[in-house]
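Visitor: Here's a structure for you.
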Amino acid sequence: MAEAPPALEIRNLHKRYGELEVLNGISLTARDGDVISILGSSGSGKSTLLRCVNLLENPHKGEILVAGEALKLKAMRKGELIAADNRQINRLRSEIGFVFQNFNLWPHMTVLDNIIEAPRRVLGQTKAEATEVAEALLAKVGIADKRHAYPAQLSGGQQQRAAIARTLAMQPKVILFDEPTSALDPEMVQEVLTVIRGLAEEGRTMLMVTHEMNFARQVSSEVVFLHQGRVEEQGSPQQVFDDPQSARCKQFMSSNR
C-alpha cells in the first residue's frame with residue numbers, strides 16, 4: 001500500500017521584507033500525527049513561517065502542499081506569491097487550523113456563535129449540527145459553562161481555549177499554533193497547554209511556535225530550531241535539547257533553561 005502523502009509539506013520557502021530575508025529556504029514535512037515545535041529567538045522567522053503556510057503572509061519562493069495537494073501560486077509584480085485559485089485557497093485554509101497569539105475571537109459574538117460561524121458558512125452545517133459539535137468541543141476544552149459569554153467576559157486562558165475549540169470545529173488536517181500562550185498570564189498558560197497536550201495525545205498533526213521549552217520537549221515528535229530564517233537544527237526533542245550540534249542552538253538552549 002502506498003504511503004499517505006504528508007499532512008503538510010513546505011519546500012524551499014523564501015520570504016523577504018524589502019532587502020531583509022526573513023525566511024531563507026525552509027523545508028519542513030509534517031506527517032499525520034506529527035507534533036513539530038518551532039523554536040528560535042525573536043526575529044528568526046518562526047511566526048512568518050506559519051503565516052506563509054496559509055498565505056496570511058505571501059512568500060517569494062517555494063512550494064506548500066497540503067495532504068499532497070500543491071497550493072497553486074502566482075507571482076505578483078514585486079515577486080510575492082499569491083493564491084492563483086481562490087476556491088482552492090479557501091478550501092485549503094479550512095483544512096489548516098490557525099490558533100493566534102491573541103485569540104482573534106469576534107468580540108460582538110458569544111463564544112458559541114464564534115465557534116459555529118465558520119462550520120455553518122464554510123462546511124455548510126445546519127445550526128443544530130454546528131451547535132452540537134461546538135458544545136462538545138467547549139466541554140472538551142473545559143469551558144462549556146461559558147458558551148453564552150462574550151470574549152471580553154473571559155480570562156485570556158478561556159479565550160484561547162475558545163479559539164482552539166473554534167479551530168477544531170473546522171475539522172482541520174493540520175493545526176498551526178503561533179505562540180498560543182505568549183499573551184497569557186503565567187497562571188493561565190498551563191490550562192491552555194493541557195488542552196494542546198490532549199490534542200497531541202489524540203494524534204492531531206500540529207506545528208507550534210512556542211517559548212515553552214519543557215512543553216515542547218514533552219509533546220513534540222520533532223523540534224526545529226530556526227536562526228535568521230534558516231533551519232539551523234532539526235531532530236527529536238532529545239537530540240535538539242540535550243545534544244544540539246550547532247553552536248547557535250547550544251547557546252539558545254543554555255540561555256532558555
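Residues in the C-alpha cells are numbered from 1 in each chain, the chains being A, B, ... in the order shown, and ligands are numbered from 1 in the order shown.
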Within 7 Å of Ala169 (chain A), counting only C-alpha atoms, which residues qualify if same-chain residues fewer than 3 places away don't, as a list in words?
Guide: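 In the requested format, the answer is Ile115, Pro119, Val133, Ala134, Ala165 and Arg166 of chain A.
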Visitor: I need the chosen residues saved as a JSON list (two decimals), in the first residue's frame, with N, CA, C and O atoms.
Guide:
[["chain", "number", "residue", "atom", "x", "y", "z"],
["A", 115, "ILE", "N", -17.86, 29.92, 17.46],
["A", 115, "ILE", "CA", -17.46, 28.58, 17.04],
["A", 115, "ILE", "C", -18.30, 28.04, 15.90],
["A", 115, "ILE", "O", -17.81, 27.36, 15.01],
["A", 119, "PRO", "N", -18.18, 26.74, 10.57],
["A", 119, "PRO", "CA", -18.75, 25.46, 10.12],
["A", 119, "PRO", "C", -20.07, 25.63, 9.37],
["A", 119, "PRO", "O", -20.35, 24.91, 8.42],
["A", 133, "VAL", "N", -21.72, 20.05, 17.76],
["A", 133, "VAL", "CA", -20.26, 19.88, 17.71],
["A", 133, "VAL", "C", -19.58, 20.90, 18.63],
["A", 133, "VAL", "O", -18.69, 20.58, 19.41],
["A", 134, "ALA", "N", -20.05, 22.16, 18.55],
["A", 134, "ALA", "CA", -19.42, 23.24, 19.32],
["A", 134, "ALA", "C", -19.55, 22.96, 20.82],
["A", 134, "ALA", "O", -18.60, 23.17, 21.58],
["A", 165, "ALA", "N", -11.14, 25.63, 20.36],
["A", 165, "ALA", "CA", -12.39, 24.93, 20.03],
["A", 165, "ALA", "C", -12.91, 25.39, 18.67],
["A", 165, "ALA", "O", -13.37, 24.58, 17.86],
["A", 166, "ARG", "N", -12.80, 26.68, 18.42],
["A", 166, "ARG", "CA", -13.25, 27.21, 17.12],
["A", 166, "ARG", "C", -12.46, 26.59, 15.97],
["A", 166, "ARG", "O", -13.01, 26.24, 14.92]]
Visitor: With 12 Å as the cut-off and only C-alpha atoms counted, what is the closest atom pair between each nearby residue of region 84-167 of chain A and region 2-11 of chain A? Distances in Å to one decimal, ordered by chain and number, as JSON lines.
Guide:
{"residue": "A:Leu92", "atom": "CA", "partner": "A:Leu8", "partner_atom": "CA", "distance": 10.9}
{"residue": "A:Glu95", "atom": "CA", "partner": "A:Ala7", "partner_atom": "CA", "distance": 10.0}
{"residue": "A:Ile96", "atom": "CA", "partner": "A:Leu8", "partner_atom": "CA", "distance": 9.2}
Visitor: Could the residues in this selection be saved with N, CA, C and O atoms as a PDB file, in the first residue's frame?
Guide:
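And here is the file that came out, result33.pdb:
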ATOM      1  N   LEU A  92      -8.375  24.972   1.210  1.00  0.00           N
ATOM      2  CA  LEU A  92      -7.202  24.525   1.970  1.00  0.00           C
ATOM      3  C   LEU A  92      -7.093  25.274   3.305  1.00  0.00           C
ATOM      4  O   LEU A  92      -6.690  24.689   4.307  1.00  0.00           O
ATOM      5  N   GLU A  95      -8.831  23.609   5.906  1.00  0.00           N
ATOM      6  CA  GLU A  95      -8.194  22.364   6.360  1.00  0.00           C
ATOM      7  C   GLU A  95      -6.964  22.628   7.226  1.00  0.00           C
ATOM      8  O   GLU A  95      -6.382  21.708   7.787  1.00  0.00           O
ATOM      9  N   ILE A  96      -6.560  23.899   7.292  1.00  0.00           N
ATOM     10  CA  ILE A  96      -5.387  24.270   8.100  1.00  0.00           C
ATOM     11  C   ILE A  96      -5.874  25.183   9.217  1.00  0.00           C
ATOM     12  O   ILE A  96      -6.213  26.341   8.981  1.00  0.00           O
TER      13      ILE A  96
END
Visitor: Neighbouring residues of Phe252 (chain A) were defined as those with any atom within 10 Å, considering only C-alpha atoms; residues of the same chain fewer than 6 positions away were excluded. Please report them as a list in words.
Guide: Leu39, Gly40, Ser41, Phe225, His227, Phe241, Pro244 and Ser246 of chain A
Visitor: DSSP on the backbone: what in region 5-61 of chain A comes out strand (DSSP E or B), as a list in words?
Guide: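 Those in region 5-61 of chain A that DSSP calls strand (DSSP E or B) are Leu8, Glu9, Ile10, Arg11, Asn12, Leu13, His14, Lys15, Arg16, Tyr17, Leu20, Glu21, Val22, Leu23, Asn24, Gly25, Ile26, Ser27, Leu28, Thr29, Ala30, Val35, Ile36, Ser37, Ile38, Leu39 and Lys61 of chain A.
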Visitor: Where does DSSP see alpha helix (DSSP H) in region 19-101 of chain A, if you list the residues as a PyMOL selection string?
Guide: chain A and resi 46-53+86-95
Visitor: Can I get the selected residues back with C-alpha atoms, as a PDB file, in the first residue's frame?
Guide:
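part.pdb, freshly written:
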ATOM      1  CA  LYS A  46       9.040  31.431  13.258  1.00  0.00           C
ATOM      2  CA  SER A  47       5.703  33.243  13.066  1.00  0.00           C
ATOM      3  CA  THR A  48       6.316  34.325   9.473  1.00  0.00           C
ATOM      4  CA  LEU A  49       6.825  30.677   8.531  1.00  0.00           C
ATOM      5  CA  LEU A  50       3.442  29.694   9.972  1.00  0.00           C
ATOM      6  CA  ARG A  51       1.707  32.674   8.392  1.00  0.00           C
ATOM      7  CA  CYS A  52       3.101  31.783   4.963  1.00  0.00           C
ATOM      8  CA  VAL A  53       1.592  28.294   5.138  1.00  0.00           C
ATOM      9  CA  ASN A  86      -9.364  31.417  -4.756  1.00  0.00           C
ATOM     10  CA  ARG A  87     -11.562  28.388  -4.409  1.00  0.00           C
ATOM     11  CA  GLN A  88      -8.557  26.205  -3.701  1.00  0.00           C
ATOM     12  CA  ILE A  89      -7.015  28.526  -1.080  1.00  0.00           C
ATOM     13  CA  ASN A  90     -10.360  28.898   0.700  1.00  0.00           C
ATOM     14  CA  ARG A  91     -10.782  25.128   0.801  1.00  0.00           C
ATOM     15  CA  LEU A  92      -7.202  24.525   1.970  1.00  0.00           C
ATOM     16  CA  ARG A  93      -7.454  27.285   4.582  1.00  0.00           C
ATOM     17  CA  SER A  94     -10.429  25.461   6.055  1.00  0.00           C
ATOM     18  CA  GLU A  95      -8.194  22.364   6.360  1.00  0.00           C
TER      19      GLU A  95
END
Visitor: Let me make sure I understand: among A:Phe103, A:Ser37, A:Glu233, A:Gly156, which one has the smallest atom-to-atom distance to Asn214 (chain A) if we use only C-alpha atoms?
Guide: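 For Asn214 (chain A), the nearest of the candidates is A:Ser37.
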